[in-house]
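To be precise, the following lines are run_34.pdb, and they hold PDB, C-alpha atoms, pLDDT in the B column.
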```
ATOM      1  CA  VAL A  30      22.824   6.893  27.558  1.00 71.00           C
ATOM      2  CA  ARG A  31      24.584   7.778  30.811  1.00 75.00           C
ATOM      3  CA  ALA A  32      22.665  11.065  31.107  1.00 75.00           C
ATOM      4  CA  LEU A  33      19.371   9.247  30.497  1.00 70.00           C
ATOM      5  CA  LEU A  34      20.193   6.766  33.282  1.00 72.00           C
ATOM      6  CA  VAL A  35      20.995   9.615  35.722  1.00 73.00           C
ATOM      7  CA  ILE A  36      17.735  11.410  34.863  1.00 79.00           C
ATOM      8  CA  ALA A  37      15.665   8.221  35.316  1.00 71.00           C
ATOM      9  CA  THR A  38      17.283   7.522  38.698  1.00 74.00           C
ATOM     10  CA  ALA A  39      16.672  11.083  39.874  1.00 70.00           C
ATOM     11  CA  ALA A  40      13.026  10.918  38.748  1.00 68.00           C
ATOM     12  CA  LEU A  41      12.473   7.709  40.756  1.00 65.00           C
ATOM     13  CA  CYS A  42      13.987   9.244  43.892  1.00 63.00           C
ATOM     14  CA  VAL A  43      11.903  12.422  43.642  1.00 59.00           C
ATOM     15  CA  SER A  44       8.588  10.675  42.878  1.00 54.00           C
ATOM     16  CA  SER A  45       8.871   8.175  45.757  1.00 49.00           C
ATOM     17  CA  PRO A  46       5.829   8.461  48.090  1.00 54.00           C
ATOM     18  CA  VAL A  47       7.971   7.617  51.130  1.00 51.00           C
ATOM     19  CA  SER A  48      10.116  10.707  50.674  1.00 54.00           C
ATOM     20  CA  ALA A  49       6.991  12.872  50.334  1.00 66.00           C
ATOM     21  CA  GLN A  50       5.888  12.080  53.913  1.00 79.00           C
ATOM     22  CA  SER A  51       7.484  13.407  57.027  1.00 86.00           C
ATOM     23  CA  ARG A  52       8.545  11.143  59.881  1.00 83.00           C
ATOM     24  CA  ASN A  53       5.590  12.300  62.005  1.00 82.00           C
ATOM     25  CA  GLN A  54       3.142  11.527  59.214  1.00 86.00           C
ATOM     26  CA  ARG A  55       4.563   8.018  58.798  1.00 87.00           C
ATOM     27  CA  LYS A  56       4.330   7.371  62.583  1.00 82.00           C
ATOM     28  CA  ALA A  57       0.735   8.654  62.693  1.00 83.00           C
ATOM     29  CA  GLU A  58      -0.155   6.435  59.744  1.00 86.00           C
ATOM     30  CA  ALA A  59       1.428   3.399  61.444  1.00 83.00           C
ATOM     31  CA  ALA A  60      -0.487   4.136  64.681  1.00 81.00           C
ATOM     32  CA  ALA A  61      -3.782   4.458  62.790  1.00 82.00           C
ATOM     33  CA  GLU A  62      -3.113   1.220  60.893  1.00 82.00           C
ATOM     34  CA  SER A  63      -2.307  -0.677  64.097  1.00 82.00           C
ATOM     35  CA  SER A  64      -5.652   0.257  65.674  1.00 78.00           C
ATOM     36  CA  LYS A  65      -7.684  -1.353  62.875  1.00 80.00           C
ATOM     37  CA  PRO A  66      -9.289  -4.737  63.659  1.00 77.00           C
ATOM     38  CA  ARG A  67      -7.461  -7.834  62.428  1.00 76.00           C
ATOM     39  CA  SER A  68      -8.425 -11.497  62.315  1.00 73.00           C
ATOM     40  CA  VAL A  69      -7.122 -13.728  65.079  1.00 77.00           C
ATOM     41  CA  ALA A  70      -7.396 -17.450  65.738  1.00 81.00           C
ATOM     42  CA  GLY A  71      -8.933 -18.802  68.926  1.00 83.00           C
ATOM     43  CA  GLY A  72     -11.838 -17.884  71.128  1.00 84.00           C
ATOM     44  CA  SER A  73     -14.922 -19.666  72.386  1.00 83.00           C
ATOM     45  CA  THR A  74     -17.025 -21.677  69.905  1.00 85.00           C
ATOM     46  CA  PHE A  75     -20.568 -23.028  70.260  1.00 83.00           C
ATOM     47  CA  THR A  76     -23.452 -24.058  67.991  1.00 84.00           C
ATOM     48  CA  LEU A  77     -26.997 -22.698  68.088  1.00 83.00           C
ATOM     49  CA  PRO A  78     -29.939 -24.503  66.448  1.00 85.00           C
ATOM     50  CA  MET A  79     -31.118 -21.316  64.750  1.00 87.00           C
ATOM     51  CA  PRO A  80     -31.026 -20.098  61.149  1.00 90.00           C
ATOM     52  CA  TYR A  81     -28.045 -17.949  60.201  1.00 92.00           C
ATOM     53  CA  GLU A  82     -30.084 -14.775  59.534  1.00 91.00           C
ATOM     54  CA  LYS A  83     -31.884 -14.854  62.900  1.00 89.00           C
ATOM     55  CA  THR A  84     -28.693 -15.650  64.791  1.00 88.00           C
ATOM     56  CA  TYR A  85     -26.860 -12.758  63.122  1.00 91.00           C
ATOM     57  CA  GLU A  86     -29.650 -10.283  63.870  1.00 90.00           C
ATOM     58  CA  SER A  87     -30.012 -11.524  67.471  1.00 87.00           C
ATOM     59  CA  VAL A  88     -26.287 -11.224  68.221  1.00 87.00           C
ATOM     60  CA  LEU A  89     -26.014  -7.804  66.551  1.00 89.00           C
ATOM     61  CA  ASN A  90     -29.064  -6.414  68.370  1.00 87.00           C
ATOM     62  CA  PHE A  91     -27.889  -7.834  71.676  1.00 82.00           C
ATOM     63  CA  LEU A  92     -24.478  -6.173  71.354  1.00 85.00           C
ATOM     64  CA  LYS A  93     -26.197  -2.885  70.544  1.00 87.00           C
ATOM     65  CA  ARG A  94     -28.441  -3.231  73.622  1.00 83.00           C
ATOM     66  CA  GLN A  95     -25.335  -3.792  75.743  1.00 80.00           C
ATOM     67  CA  GLU A  96     -24.077  -0.390  74.524  1.00 85.00           C
ATOM     68  CA  GLN A  97     -21.227  -1.879  72.507  1.00 86.00           C
ATOM     69  CA  THR A  98     -20.115   0.299  69.597  1.00 90.00           C
ATOM     70  CA  ILE A  99     -20.223  -1.720  66.372  1.00 93.00           C
ATOM     71  CA  ASP A 100     -17.078  -0.989  64.352  1.00 91.00           C
ATOM     72  CA  GLN A 101     -17.731  -3.429  61.496  1.00 92.00           C
ATOM     73  CA  ALA A 102     -20.642  -5.745  60.768  1.00 93.00           C
ATOM     74  CA  SER A 103     -21.192  -7.739  57.609  1.00 93.00           C
ATOM     75  CA  LYS A 104     -23.855 -10.374  57.109  1.00 92.00           C
ATOM     76  CA  ASP A 105     -22.047 -11.607  53.970  1.00 92.00           C
ATOM     77  CA  THR A 106     -18.766 -12.363  55.763  1.00 91.00           C
ATOM     78  CA  GLY A 107     -20.478 -13.305  59.031  1.00 92.00           C
ATOM     79  CA  GLN A 108     -18.384 -11.028  61.229  1.00 92.00           C
ATOM     80  CA  ILE A 109     -19.329  -8.515  63.889  1.00 93.00           C
ATOM     81  CA  ILE A 110     -16.486  -6.449  65.370  1.00 92.00           C
ATOM     82  CA  THR A 111     -17.039  -3.986  68.190  1.00 91.00           C
ATOM     83  CA  GLY A 112     -15.124  -0.782  68.747  1.00 91.00           C
ATOM     84  CA  MET A 113     -12.048  -0.805  70.948  1.00 90.00           C
ATOM     85  CA  ILE A 114     -12.531  -0.094  74.657  1.00 90.00           C
ATOM     86  CA  ILE A 115      -9.368   1.576  75.970  1.00 90.00           C
ATOM     87  CA  SER A 116      -8.348   1.422  79.616  1.00 90.00           C
ATOM     88  CA  GLY A 117      -5.259   2.639  81.452  1.00 89.00           C
ATOM     89  CA  GLY A 118      -3.234   5.809  81.552  1.00 89.00           C
ATOM     90  CA  TYR A 119       0.325   5.641  80.240  1.00 90.00           C
ATOM     91  CA  SER A 120       0.253   1.909  79.645  1.00 92.00           C
ATOM     92  CA  GLN A 121      -2.989   1.309  77.753  1.00 91.00           C
ATOM     93  CA  THR A 122      -4.927  -1.847  76.947  1.00 91.00           C
ATOM     94  CA  GLY A 123      -7.508  -1.906  74.180  1.00 90.00           C
ATOM     95  CA  SER A 124     -10.160  -4.654  74.116  1.00 90.00           C
ATOM     96  CA  ARG A 125     -12.651  -5.523  71.401  1.00 91.00           C
ATOM     97  CA  ILE A 126     -15.104  -8.343  70.697  1.00 90.00           C
ATOM     98  CA  VAL A 127     -14.932 -10.285  67.442  1.00 91.00           C
ATOM     99  CA  VAL A 128     -17.962 -12.509  66.690  1.00 90.00           C
ATOM    100  CA  THR A 129     -17.820 -14.840  63.695  1.00 91.00           C
ATOM    101  CA  LEU A 130     -20.905 -16.731  62.509  1.00 92.00           C
ATOM    102  CA  ILE A 131     -20.708 -19.830  60.304  1.00 91.00           C
ATOM    103  CA  GLU A 132     -23.817 -21.333  58.709  1.00 92.00           C
ATOM    104  CA  GLU A 133     -23.716 -25.114  59.203  1.00 91.00           C
ATOM    105  CA  ASP A 134     -27.108 -25.901  57.628  1.00 91.00           C
ATOM    106  CA  ASP A 135     -30.556 -24.276  57.361  1.00 89.00           C
ATOM    107  CA  ASN A 136     -31.278 -24.564  61.099  1.00 89.00           C
ATOM    108  CA  SER A 137     -27.833 -24.549  62.693  1.00 89.00           C
ATOM    109  CA  THR A 138     -25.228 -21.805  63.128  1.00 89.00           C
ATOM    110  CA  THR A 139     -21.792 -21.984  64.733  1.00 89.00           C
ATOM    111  CA  VAL A 140     -20.730 -18.874  66.639  1.00 88.00           C
ATOM    112  CA  ARG A 141     -17.106 -18.063  67.527  1.00 88.00           C
ATOM    113  CA  VAL A 142     -16.553 -15.311  70.078  1.00 88.00           C
ATOM    114  CA  ALA A 143     -13.085 -13.880  70.715  1.00 89.00           C
ATOM    115  CA  VAL A 144     -12.100 -11.032  73.016  1.00 88.00           C
ATOM    116  CA  THR A 145      -8.890  -9.528  71.667  1.00 90.00           C
ATOM    117  CA  GLU A 146      -6.528  -7.265  73.559  1.00 92.00           C
ATOM    118  CA  GLN A 147      -3.836  -4.929  72.291  1.00 92.00           C
ATOM    119  CA  LYS A 148      -1.334  -2.925  74.323  1.00 93.00           C
ATOM    120  CA  ARG A 149       0.570   0.315  73.783  1.00 90.00           C
ATOM    121  CA  LYS A 150       2.532   2.969  75.672  1.00 90.00           C
ATOM    122  CA  LYS A 151       1.289   6.545  75.619  1.00 85.00           C
ATOM    123  CA  LEU A 152       4.216   8.602  76.828  1.00 83.00           C
ATOM    124  CA  LEU A 153       5.646  11.644  75.039  1.00 81.00           C
ATOM    125  CA  GLN A 154       4.587  10.100  71.743  1.00 79.00           C
ATOM    126  CA  THR A 155       1.809   7.552  71.337  1.00 79.00           C
ATOM    127  CA  GLU A 156       3.227   4.216  70.217  1.00 86.00           C
ATOM    128  CA  PRO A 157       1.363   1.940  67.758  1.00 88.00           C
ATOM    129  CA  TRP A 158      -0.834  -0.846  69.161  1.00 88.00           C
ATOM    130  CA  SER A 159       0.700  -4.302  69.546  1.00 89.00           C
ATOM    131  CA  ASP A 160      -0.606  -7.284  67.582  1.00 88.00           C
ATOM    132  CA  PRO A 161      -4.005  -8.464  68.862  1.00 89.00           C
ATOM    133  CA  LYS A 162      -4.013 -11.459  71.220  1.00 90.00           C
ATOM    134  CA  VAL A 163      -7.053 -13.473  72.273  1.00 89.00           C
ATOM    135  CA  ASN A 164      -7.830 -13.324  75.989  1.00 85.00           C
ATOM    136  CA  ALA A 165      -8.961 -16.927  76.530  1.00 82.00           C
ATOM    137  CA  GLN A 166     -10.454 -16.260  79.964  1.00 78.00           C
ATOM    138  CA  LYS A 167     -12.655 -13.384  78.789  1.00 79.00           C
ATOM    139  CA  SER A 168     -13.570 -15.244  75.590  1.00 76.00           C
ATOM    140  CA  ALA A 169     -14.784 -18.220  77.635  1.00 72.00           C
ATOM    141  CA  CYS A 170     -16.912 -15.908  79.807  1.00 69.00           C
ATOM    142  CA  LEU A 171     -18.260 -14.062  76.783  1.00 64.00           C
ATOM    143  CA  ARG A 172     -21.005 -16.386  75.667  1.00 59.00           C
ATOM    144  CA  PHE A 173     -24.641 -16.538  74.778  1.00 51.00           C
ATOM    145  CA  PRO A 174     -26.188 -19.085  77.213  1.00 41.00           C
ATOM    146  CA  ALA A 175     -29.493 -20.788  76.504  1.00 34.00           C
ATOM    147  CA  ALA A 176     -32.100 -19.469  78.943  1.00 30.00           C
ATOM    148  CA  ALA A 177     -34.428 -16.786  77.561  1.00 35.00           C
ATOM    149  CA  VAL A 178     -37.239 -16.852  75.006  1.00 30.00           C
ATOM    150  CA  ILE A 179     -36.876 -15.523  71.483  1.00 36.00           C
ATOM    151  CA  ARG A 180     -40.390 -14.693  70.343  1.00 37.00           C
ATOM    152  CA  ARG A 181     -39.621 -14.598  66.617  1.00 40.00           C
ATOM    153  CA  ALA A 182     -37.973 -18.053  66.448  1.00 42.00           C
ATOM    154  CA  PRO A 183     -40.394 -20.688  67.799  1.00 39.00           C
ATOM    155  CA  GLN A 184     -38.232 -23.582  66.525  1.00 37.00           C
ATOM    156  CA  ALA A 185     -35.370 -22.382  68.746  1.00 37.00           C
ATOM    157  CA  ARG A 186     -37.223 -21.765  72.019  1.00 32.00           C
ATOM    158  CA  ARG A 187     -34.947 -24.150  73.940  1.00 32.00           C
ATOM    159  CA  VAL A 188     -31.678 -22.581  72.890  1.00 35.00           C
ATOM    160  CA  LEU A 189     -32.058 -18.863  73.354  1.00 32.00           C
ATOM    161  CA  LEU A 190     -29.959 -15.783  73.996  1.00 34.00           C
ATOM    162  CA  GLU A 191     -30.088 -14.500  77.579  1.00 36.00           C
ATOM    163  CA  ALA A 192     -27.113 -12.296  78.217  1.00 31.00           C
ATOM    164  CA  LEU A 193     -23.657 -11.491  77.112  1.00 36.00           C
ATOM    165  CA  LEU A 194     -21.437 -12.144  80.126  1.00 35.00           C
ATOM    166  CA  TRP A 195     -18.173 -10.270  80.279  1.00 37.00           C
ATOM    167  CA  ARG A 196     -16.629 -10.334  83.725  1.00 32.00           C
TER     168      ARG A 196
END
```
In structure tokens, how does this file's structure come out?
Amino acid sequence: VRALLVIATAALCVSSPVSAQSRNQRKAEAAAESSKPRSVAGGSTFTLPMPYEKTYESVLNFLKRQEQTIDQASKDTGQIITGMIISGGYSQTGSRIVVTLIEEDDNSTTVRVAVTEQKRKKLLQTEPWSDPKVNAQKSACLRFPAAAVIRRAPQARRVLLEALLWR
């Protein structure tokens, strides 16, 4: 019985996936995991009197026209997440836009826009990104004001997408 217990313990130690990875592999995996988009609370919220499908397509196409890289987009979940824009040298800041669409009724859609920022140090070894935080000032400036004409949505001619302001 004692020999069986020793063999079982040794088998568990040898088959552990943590021991199979080197320290550098674990750090690289943690850095890659920290750069993935995560949900955050907050941001700027407004309602558009447009159907969900047209609002989703309009926002997605507008972000593409503004040369934003789309990291994730799902019509089912109602989320559009852009790629991270990295600025800085040794002390880096990564920014991304997270747009969430919520269908209120057939002709009304709520849009939540959040600009998230993450920080890291890139010295001898690249550190993982910090937890994402909403930049309230940029999120308030990042909006879709009503001013232009959407040709495909005549019922929503008064509330229209003009520009995505990020300054």
Inset, instruction - Check what the PyMOL selection byres ((chain A and resi 158) around 9) selects in the file above and give those residues as a PyMOL selection string. - result: chain A and resi 60-64+122-123+147-150+156-157+159-161
Legend entry - Pairwise distance for CA of Glu132 in chain A and CA of Asn164 in chain A, rounded to one decimal in Å: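 Interatomic distance, CA of Glu132 in chain A to CA of Asn164 in chain A: 24.9 Å.
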Legend entry - Selection near Glu133 in chain A, 9 Å with only C-alpha atoms, sequence-local residues under 3 positions removed, as a PyMOL selection string: chain A and resi 76+81+136-139
Legend entry - Distance of CA of Val128 in chain A from CA of Val140 in chain A, expressed in Å to one decimal place: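 For CA of Val140 in chain A relative to CA of Val128 in chain A, the distance reads 6.9 Å.
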Inset, instruction - Find, counting all atoms listed in the file, the residue in A:Leu77, A:Leu152, A:Ala37, A:Met113 that gets nearest to Thr98 in chain A. - result: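 Ranking A:Leu77, A:Leu152, A:Ala37, A:Met113 by distance to Thr98 in chain A, first place goes to A:Met113.
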Inset, instruction - Kindly indicate which residue among A:Thr84, A:Thr145, A:Gln101, A:Thr155 lies nearest to Glu58 in chain A, using all atoms listed in the file for the distances. - result: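 Counting all atoms listed in the file, the residue closest to Glu58 in chain A is A:Thr155.
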Inset, instruction - Considering all atoms listed in the file, state which residue in the set A:Thr129, A:Gln154, A:Thr111, A:Thr106 is at the smallest distance from Ala70 in chain A. - result: A:Thr129
Legend entry - Separation of CA of Gly72 in chain A from CA of Val142 in chain A, in Å and rounded to one decimal: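 Value for the CA of Gly72 in chain A-CA of Val142 in chain A distance: 5.5 Å.
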Inset, instruction - Do a neighbour search on Ile99 in chain A at 7 Å with all atoms listed in the file, toss out local chain neighbours closer than 3 positions, and write the hits as number ranges by chain. - result: A: 102, 110-112
Inset, instruction - Would you please work out which residue, of A:Arg125, A:Lys104, A:Val163, A:Gly71, is nearest to Lys83 in chain A when using all atoms listed in the file? - result: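 Going through A:Arg125, A:Lys104, A:Val163, A:Gly71 one by one, the smallest distance to Lys83 in chain A is for A:Lys104.
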Kindly list the centre and edge lengths in Å, rounded to one decimal, for the axis-aligned box that covers all listed atoms of range 91-101 of chain A plus 3 Å on each of its six sides, as lines of an AutoDock Vina configuration file.
```
center_x = -22.8
center_y = -3.8
center_z = 68.6
size_x = 17.4
size_y = 14.1
size_z = 20.2
```
Inset, instruction - Report as an NGL selection string the residues that result from applying the PyMOL selection byres ((chain A and resi 168) around 7) to the structure here. - result: :A and (72-73 or 142-144 or 164-167 or 169-171)
Selection export as a short mmCIF file (atom, residue, chain, number, x, y, z; two decimals), in the coordinates of the input, atoms kept: C-alpha atoms:
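Saved as out_28.cif:
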```cif
data_model
loop_
_atom_site.label_atom_id
_atom_site.label_comp_id
_atom_site.auth_asym_id
_atom_site.auth_seq_id
_atom_site.Cartn_x
_atom_site.Cartn_y
_atom_site.Cartn_z
CA GLY A 72 -11.84 -17.88 71.13
CA SER A 73 -14.92 -19.67 72.39
CA VAL A 142 -16.55 -15.31 70.08
CA ALA A 143 -13.08 -13.88 70.72
CA VAL A 144 -12.10 -11.03 73.02
CA ASN A 164 -7.83 -13.32 75.99
CA ALA A 165 -8.96 -16.93 76.53
CA GLN A 166 -10.45 -16.26 79.96
CA LYS A 167 -12.66 -13.38 78.79
CA ALA A 169 -14.78 -18.22 77.64
CA CYS A 170 -16.91 -15.91 79.81
CA LEU A 171 -18.26 -14.06 76.78
#
```
Inset, instruction - Select, from A:Ser116, A:Ser51, A:Gln108, A:Ser87, the residue with the minimum atom-to-atom distance to Pro66 in chain A, counting all atoms listed in the file. - result: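 Between A:Ser116, A:Ser51, A:Gln108, A:Ser87, the residue approaching Pro66 in chain A most closely is A:Gln108.
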Legend entry - Residue with smallest distance to Glu86 in chain A - pool A:Ser124, A:Ser103, A:Gln50, A:Thr38, counting all atoms listed in the file: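 Counting all atoms listed in the file, the residue closest to Glu86 in chain A is A:Ser103.
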